[in-house]
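The structure appears below as structure tokens.
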Amino acid sequence: MADSCGAVAATRGDCGSVSSVSSVSSVSMDTICALTELEDLEKVYQQLCEQEKDVETELDRLLGQEGSIHTKMLALQRMGPNLQLIGGDASQLSGMITFTCSLAENVSRKVRQLDLAKTRLYNVIQRADDILDLKFCTDGVQTALHNEDYEQAAAHIHRYLSLDQSVIELSRQGEESSAVDASLVLLQEAEQKLKVIVAEKLDEAVAAVDLAQVERFFKIFPLLGLHQQGLARFGQYLSTQNECDKQAQRIVDKFIQQRGYHNKFQVVQSSMMKSVPAERIEPRELDPVLAEVTLMNARAELYLRFLRRRMMADFEVGDAQSVTQDHQQNMEKLLKHCLLSTRMQELIGYYVPMEEYYMRESVNKAVAMDTYEKGQLTSSMVDDCFYIVKKCISRALSSSSIDCLCAMINHANSVLESDFREVLYNKLRQGFPATTLQDIQRGVSSAVSLMQSSLQQGKFNTLGIESTENAKAAFLVTLNNVEVCSDNISTLKRNLENDCSKLFSQGGNTGDQAKIQSCLSDLVNTSTKFKDLLQEGLTELNTTAVKPQVKPWISSFLVVSHNIEEEEFNDYEANDPWVQQLVVNLEQLMAEFKVALSPVIYDTLTSLMTSLVAIEMEKTVLKCSFSRLGGLQFDKELRSLVAYLTSVTTWTIRDKFARLTQMATVLNLERVSEILDYWGPNSGPLTWRLTPAEVRQVLALRVDFRSEDIKRLRL
Amino acid sequence: MYVYYQSGDLPVFVFRMSMEDYDYLFKIVLIGNAGVGKTCLVRRFTQGLFPPGQGATIGVDFMIKTVEIKGEKVKLQIWDTAGQERFRSITQSYYRSANALILTYDITCEDSFRCLPEWLREIEQYANNQVVTILVGNKIDLAEKREVLRQRAEDFAEAQSMLYLETSAKESDNVEKLFLDLACELIREAKQNKLDNNDTAPMPGEGKTINYLSCCSLN
Ligand SMILES: Nc1nc2c(ncn2[C@@H]2O[C@H](COP(=O)(O)OP(=O)(O)OP(=O)(O)O)[C@@H](O)[C@H]2O)c(=O)[nH]1
Ligand SMILES: [Mg+2]
């Protein structure tokens with residue numbers, strides 16, 4: 001803005017100088033002439049002088065420029081002739097250009113004409129070629145078809161198809177139209193014929209799984225312009241699953257027919273439903289067919305697994321990034337619902353009840369044929385039964401079908417838990433027979449019922465010592481059986497777990513694993529139920545065989561006076577009045593069980609017996625009266641008893657006899673008040689199992705302790 | 001015993017001496033004609049979704065869900081069986097150890113209702129006699145296509161002394177209720193059983209008793 005102002009000011013300055021010159025002329029002569037006053041004249045004169053000075057300066061300036069203008073003029077003058085030359089040249093050039101242009105136009109017109117002529121010539125040649133080809137193709141196709149040279153025929157058709165359709169159209173309009181038409185009709189006919197033939201041949205080849213032929217005809221399809229159709233048909237060939245399904249269908253049907261599979265199944269089904277079936281199948285007869293079905297399924301699974309792997313690999317190659325869940329799901333669906341799978345599922349569907357039948361029947365048989373050999377702890381049916389169960393589950397496992405395996409584990413569990421356990425339970429329920437003398441003493445119901453049943457069967461006479469011995473042995477053997485069952489079930493479960501983990505290390509999904517695990521864990525419950533049954537049986541044995549004997553032996557303690565003096569005490573020392581006989585009796589009683597029962601069961605029975613002895617002793621002691629020496633005598637007896645019992649069992653006895661030991665301590669006191677040395681704060685490591693009331697009760701058994709003293713005790 | 005944990009997608013087996021991670025364990029088996037929506041009910045309950053393009057079940061599927069009822073952890077082992085005939089022999093093997101059966105039909109499919117007596121015969125033959133059975137009419141979101149009136153189904157269920165519930169796996173109607181009600185009923189029966197067992201010492205092998213003692217931690 002400031003600059004532009006300056007520029008404006010400068011311009012004004014210049015103008016000012018010019019206007020001052022013009023203002024000289026504005027002081028006209030008239031004005032001067034009209035001046036009358038000197039003062040005015042002087043003023044004007046002054047003004048004019050100033051103006052003159054100005055003009056002079058201006059003139060000097062202009063004259064100063066003359067040199068440079070002159071130089072410029074000289075230069076211009078020198079350029080003059082040159083310009084004339086240029087003008088001449090330019091007009092000459094223009095003339096030349098015009099000429100060349102018209103010449104070029106002429107040439108190009110001619111070239112265009114030439115090109116047109118050439119194109120037409122080419123077309124003519126092409127059409128002539130095509131027409132010749134057409135004729136050649138027409139003839140060639142006929143011959144090739146006749147010779148069954150389909151490749152050649154297809155090549156001809158391919159040539160025909162690649163001919164320019166418009167040319168062909170044009171040809172038809174030409175002079176030879178009728179001949180061309182005839183060729184075309186022939187060719188089109190041949191084309192259709194060939195398509196039909198090739199399609200048929202390819203289908204035949206696919207059906208015959210003839211790879212060479214499939215490839216041969218597949219290659220012809222693109223020649224006939226049928227790329228898509230050819231690919232579809234070849235794809236069909238490659239997706240052998242259809243074919244496989246067809247084959248599987250045939251095999252399964254054949255299998256069902258030849259092995260009388262359905263028939264066998266129906267017989268099996270009806271024998272399981274009705275108690276007295278019309279027709280029975282020997283389980284053994286099912287062996288081959290069951291083995292075959294599982295083998296077939298295993299093969300089918302192997303094949304499906306192969307397909308799955310291949311498809312997964314293809315997915316990955318095809319599109320490493322997008323092996324989508326969709327793809328996988330579709331594949332799983334395809335594999336699980338294909339005809340092969342469904343037919344195999346159907347076979348397995350029949351297999352499961354037949355295998356179940358096989359298992360139940362065989363187990364029943366093993367039970368029916370149960371034998372026991374003297375000197376053995378268990379009888380034959382346990383081993384037999386587990387052999388069968390293992391065999392059936394292994395067979396199911398060999399099918400590679402998880403659902404089939406799970407179903408058989410379920411059935412095995414059912415057979416063991418219900419059927420087989422029932423058998424053992426019923427045997428135990430018959431009870432352990434007591435000896436006849438004791439029967440009369442005790443009137444035990446089990447023995448009575450045993451006699452009754454024998455009476456009913458008219459077998460009273462044969463019911464001698466021998467049959468009682470047999471019944472005893474049967475009971476003890478059953479106890480051993482039950483224990484072995486419990487162990488076997490645990491082992492079975494462990495082994496199956498191993499087998500299955502081997503199976504899964506080769507692939508398998510976690511869902512299947514969870515399924516098997518859940519079914520297997522039911523076996524643990526079953527094993528526990530056998531343990532419970534063993535416990536029941538032992539309790540029964542203790543109640544019927546041990547308790548009735550031990551009780552009188554213990555109560556005979558009452559007959560041996562413990563209100564004794566020195567002399568009797570010494571007498572007892574020389575001639576043990578009770579405890580030695582008790583130990584002998586117990587030893588004899590248990591000897592029978594020691595040989596007949598498994599070490600674990602025997603030990604448990606001994607433990608039950610010791611508990612019984614302790615409880616009975618306690619009751620008996622409380623009915624006695626003791627002198628000081630009597631208390632000492634009891635202490636000695638108790639020590640021998642505990643020492644003996646400790647020697648015959650692995651269980652700790654001390655705990656069971658803790659109360660009795662404390663009773664002995666109380667009975668051994670010098671004075672009533674001496675109890676305080678062991679009681680309360682003075683008890684030391686001793687934990688009293690007797691209540692204060694019980695301590696008073698025991699103290700009262702001592703004939704020499706005064707009841708006032710006992711009452712006065714502060715416990 | 002082995003305890004099955006769900007951690008993410010991978011089931012993990014952990015050896016445990018005690019069963020402190022749940023108070024009760026029940027086996028629930030879903031049965032009924034093919035296509036009535038058993039799998040959808042299970043997936044809705046266990047995964048909270050309605051699976052699109054659900055294919056027919058092959059054999060048996062197994063899922064676990066632990067729920068809490070009145071402060072007690074209840075582990076539900078759910079067996080989803082295939083309705084198609086050819087899997088019958090496999091699915092039947094699961095009846096015996098089931099604590100509860102969910103017998104499902106489709107309210108828009110008269111046929112699936114008419115098959116119920118047949119299913120009841122199966123239950124009679126294979127299940128243990130203490131099993132709790134609940135009848136479920138599924139797909140109530142398709143009300144306009146209903147072919148089995150509610151009253152009719154209710155009458156049928158009552159005559160067979162079954163519980164009855166109508167559900168929609170699609171709209172998540174009554175699905176949660178179905179499983180939770182069932183769990184409550186099972187707990188009630190388990191407690192009753194425990195009382196009964198304490199009253200009269202059970203004889204081994206008598207009847208087909210489900211051993212609740214083996215599946216519940218009682219202390
Ligand atoms: N509208 C509607 N459709 C359902 C419902 N539940 C299931 N469906 C549909 O019913 C069809 C069968 O469902 P599934 O759950 O596979 O039936 P399923 O009983 O498991 O059949 P199987 O496994 O063959 O025994 C599927 O197309 C589901 O989308 C529902 O509550 N409402
Ligand atoms: Mg399903």
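Residues are named by chain letter and number: chains run A, B, ... in the order of the structure tokens, numbers start at 1 in each chain, and ligands are numbered from 1 in the order shown.
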
Site check for ligand 2: residues at most 12 Å away, only C-alpha atoms and all ligand atoms, as a VMD selection string:
chain B and resid 29 to 43 51 53 to 62 79 to 84 87 91 104

Could the residues in this selection be written to a file with N, CA, C and O atoms, as a tab-separated table (two decimals), in the first residue's frame?
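Contents of selection.tsv, freshly written:
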```tsv
chain	number	residue	atom	x	y	z
B	29	VAL	N	-30.85	-87.18	30.64
B	29	VAL	CA	-30.82	-87.68	29.26
B	29	VAL	C	-32.02	-87.13	28.50
B	29	VAL	O	-33.16	-87.23	28.96
B	30	LEU	N	-31.76	-86.52	27.34
B	30	LEU	CA	-32.85	-86.01	26.49
B	30	LEU	C	-33.21	-87.05	25.45
B	30	LEU	O	-32.33	-87.57	24.77
B	31	ILE	N	-34.53	-87.34	25.36
B	31	ILE	CA	-34.98	-88.30	24.35
B	31	ILE	C	-36.19	-87.74	23.62
B	31	ILE	O	-36.80	-86.76	24.06
B	32	GLY	N	-36.55	-88.34	22.52
B	32	GLY	CA	-37.69	-87.89	21.73
B	32	GLY	C	-37.38	-87.98	20.25
B	32	GLY	O	-36.22	-88.14	19.87
B	33	ASN	N	-38.44	-87.88	19.43
B	33	ASN	CA	-38.28	-88.03	17.98
B	33	ASN	C	-37.19	-87.13	17.41
B	33	ASN	O	-36.84	-86.11	18.01
B	34	ALA	N	-36.72	-87.49	16.23
B	34	ALA	CA	-35.72	-86.68	15.53
B	34	ALA	C	-36.33	-85.33	15.16
B	34	ALA	O	-37.50	-85.25	14.79
B	35	GLY	N	-35.55	-84.29	15.32
B	35	GLY	CA	-35.97	-82.97	14.84
B	35	GLY	C	-36.87	-82.19	15.78
B	35	GLY	O	-37.34	-81.11	15.42
B	36	VAL	N	-37.14	-82.70	16.98
B	36	VAL	CA	-38.05	-81.97	17.88
B	36	VAL	C	-37.31	-80.82	18.59
B	36	VAL	O	-37.95	-79.94	19.16
B	37	GLY	N	-35.98	-80.83	18.55
B	37	GLY	CA	-35.23	-79.70	19.11
B	37	GLY	C	-34.45	-80.01	20.37
B	37	GLY	O	-34.11	-79.11	21.13
B	38	LYS	N	-34.10	-81.28	20.57
B	38	LYS	CA	-33.36	-81.65	21.78
B	38	LYS	C	-31.99	-80.95	21.83
B	38	LYS	O	-31.62	-80.36	22.84
B	39	THR	N	-31.28	-81.05	20.70
B	39	THR	CA	-29.95	-80.44	20.65
B	39	THR	C	-30.04	-78.93	20.86
B	39	THR	O	-29.22	-78.35	21.58
B	40	CYS	N	-31.05	-78.30	20.25
B	40	CYS	CA	-31.20	-76.85	20.40
B	40	CYS	C	-31.48	-76.49	21.87
B	40	CYS	O	-30.95	-75.50	22.37
B	41	LEU	N	-32.27	-77.30	22.55
B	41	LEU	CA	-32.55	-77.03	23.97
B	41	LEU	C	-31.26	-77.10	24.79
B	41	LEU	O	-30.98	-76.23	25.61
B	42	VAL	N	-30.47	-78.15	24.52
B	42	VAL	CA	-29.23	-78.32	25.28
B	42	VAL	C	-28.26	-77.18	25.01
B	42	VAL	O	-27.65	-76.64	25.92
B	43	ARG	N	-28.13	-76.83	23.72
B	43	ARG	CA	-27.18	-75.77	23.38
B	43	ARG	C	-27.63	-74.42	23.92
B	43	ARG	O	-26.82	-73.61	24.33
B	51	PRO	N	-28.36	-72.73	17.72
B	51	PRO	CA	-27.43	-73.03	16.63
B	51	PRO	C	-28.12	-72.99	15.27
B	51	PRO	O	-29.15	-73.62	15.09
B	53	GLY	N	-28.47	-73.99	11.35
B	53	GLY	CA	-28.10	-75.15	10.52
B	53	GLY	C	-27.68	-76.34	11.34
B	53	GLY	O	-26.70	-76.99	11.06
B	54	GLN	N	-28.49	-76.64	12.35
B	54	GLN	CA	-28.19	-77.73	13.28
B	54	GLN	C	-28.41	-79.07	12.58
B	54	GLN	O	-29.52	-79.36	12.18
B	55	GLY	N	-27.35	-79.86	12.44
B	55	GLY	CA	-27.50	-81.18	11.82
B	55	GLY	C	-28.05	-82.17	12.82
B	55	GLY	O	-27.98	-81.96	14.03
B	56	ALA	N	-28.63	-83.26	12.30
B	56	ALA	CA	-29.17	-84.28	13.19
B	56	ALA	C	-28.04	-84.85	14.05
B	56	ALA	O	-26.91	-84.97	13.60
B	57	THR	N	-28.34	-85.16	15.29
B	57	THR	CA	-27.33	-85.70	16.19
B	57	THR	C	-26.95	-87.11	15.77
B	57	THR	O	-27.81	-87.91	15.40
B	58	ILE	N	-25.66	-87.40	15.85
B	58	ILE	CA	-25.15	-88.74	15.56
B	58	ILE	C	-24.84	-89.39	16.89
B	58	ILE	O	-24.01	-88.88	17.64
B	59	GLY	N	-25.51	-90.49	17.17
B	59	GLY	CA	-25.24	-91.20	18.43
B	59	GLY	C	-25.68	-90.38	19.63
B	59	GLY	O	-26.86	-90.11	19.81
B	60	VAL	N	-24.71	-90.00	20.43
B	60	VAL	CA	-25.02	-89.29	21.66
B	60	VAL	C	-24.02	-88.15	21.85
B	60	VAL	O	-22.83	-88.33	21.59
B	61	ASP	N	-24.50	-86.99	22.27
B	61	ASP	CA	-23.59	-85.88	22.60
B	61	ASP	C	-23.62	-85.64	24.10
B	61	ASP	O	-24.63	-85.88	24.74
B	62	PHE	N	-22.51	-85.14	24.60
B	62	PHE	CA	-22.36	-85.04	26.05
B	62	PHE	C	-21.92	-83.64	26.44
B	62	PHE	O	-21.01	-83.09	25.83
B	79	TRP	N	-26.91	-85.63	28.55
B	79	TRP	CA	-26.70	-86.51	27.39
B	79	TRP	C	-27.80	-86.21	26.38
B	79	TRP	O	-28.98	-86.41	26.64
B	80	ASP	N	-27.36	-85.72	25.22
B	80	ASP	CA	-28.29	-85.38	24.14
B	80	ASP	C	-28.27	-86.54	23.13
B	80	ASP	O	-27.28	-86.76	22.45
B	81	THR	N	-29.37	-87.28	23.06
B	81	THR	CA	-29.38	-88.48	22.22
B	81	THR	C	-29.95	-88.19	20.84
B	81	THR	O	-30.67	-87.22	20.65
B	82	ALA	N	-29.59	-89.05	19.89
B	82	ALA	CA	-30.11	-88.91	18.53
B	82	ALA	C	-31.51	-89.51	18.47
B	82	ALA	O	-31.76	-90.56	19.03
B	83	GLY	N	-32.41	-88.81	17.79
B	83	GLY	CA	-33.79	-89.30	17.70
B	83	GLY	C	-33.97	-90.34	16.61
B	83	GLY	O	-34.92	-91.11	16.64
B	84	GLN	N	-33.05	-90.35	15.66
B	84	GLN	CA	-33.21	-91.27	14.54
B	84	GLN	C	-33.14	-92.72	14.99
B	84	GLN	O	-32.32	-93.09	15.82
B	87	PHE	N	-30.14	-95.16	15.83
B	87	PHE	CA	-29.29	-94.96	17.01
B	87	PHE	C	-29.96	-95.44	18.29
B	87	PHE	O	-29.41	-95.30	19.37
B	91	THR	N	-28.64	-95.23	22.26
B	91	THR	CA	-29.18	-94.28	23.23
B	91	THR	C	-29.84	-95.01	24.41
B	91	THR	O	-29.77	-94.54	25.54
B	104	THR	N	-38.96	-85.14	24.93
B	104	THR	CA	-39.29	-83.94	24.16
B	104	THR	C	-40.15	-84.28	22.93
B	104	THR	O	-39.92	-85.31	22.28
```

Chain B: residues DSSP assigns to strand (DSSP E), reported as an NGL selection string
:B and (2-7 or 10-15 or 24-31 or 60-69 or 72-81 or 100-106 or 132-138 or 163-166)

One-decimal distance in Å that lies between CA of Ala100 in chain B and CA of Leu520 in chain A:
19.5 Å

Taking only C-alpha atoms into account, report as a PyMOL selection string which residues of chain A lie within 9 Å of chain B.
chain A and resi 333+336-337+342+345-353+402-404+406-411+414+417-418+421-422+425-426+510-515+517-518+521-522+524-525+528-529+532-533+536

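Separating CA of Leu25 in chain B from CA of Ala190 in chain B is a distance of 10.4 Å.
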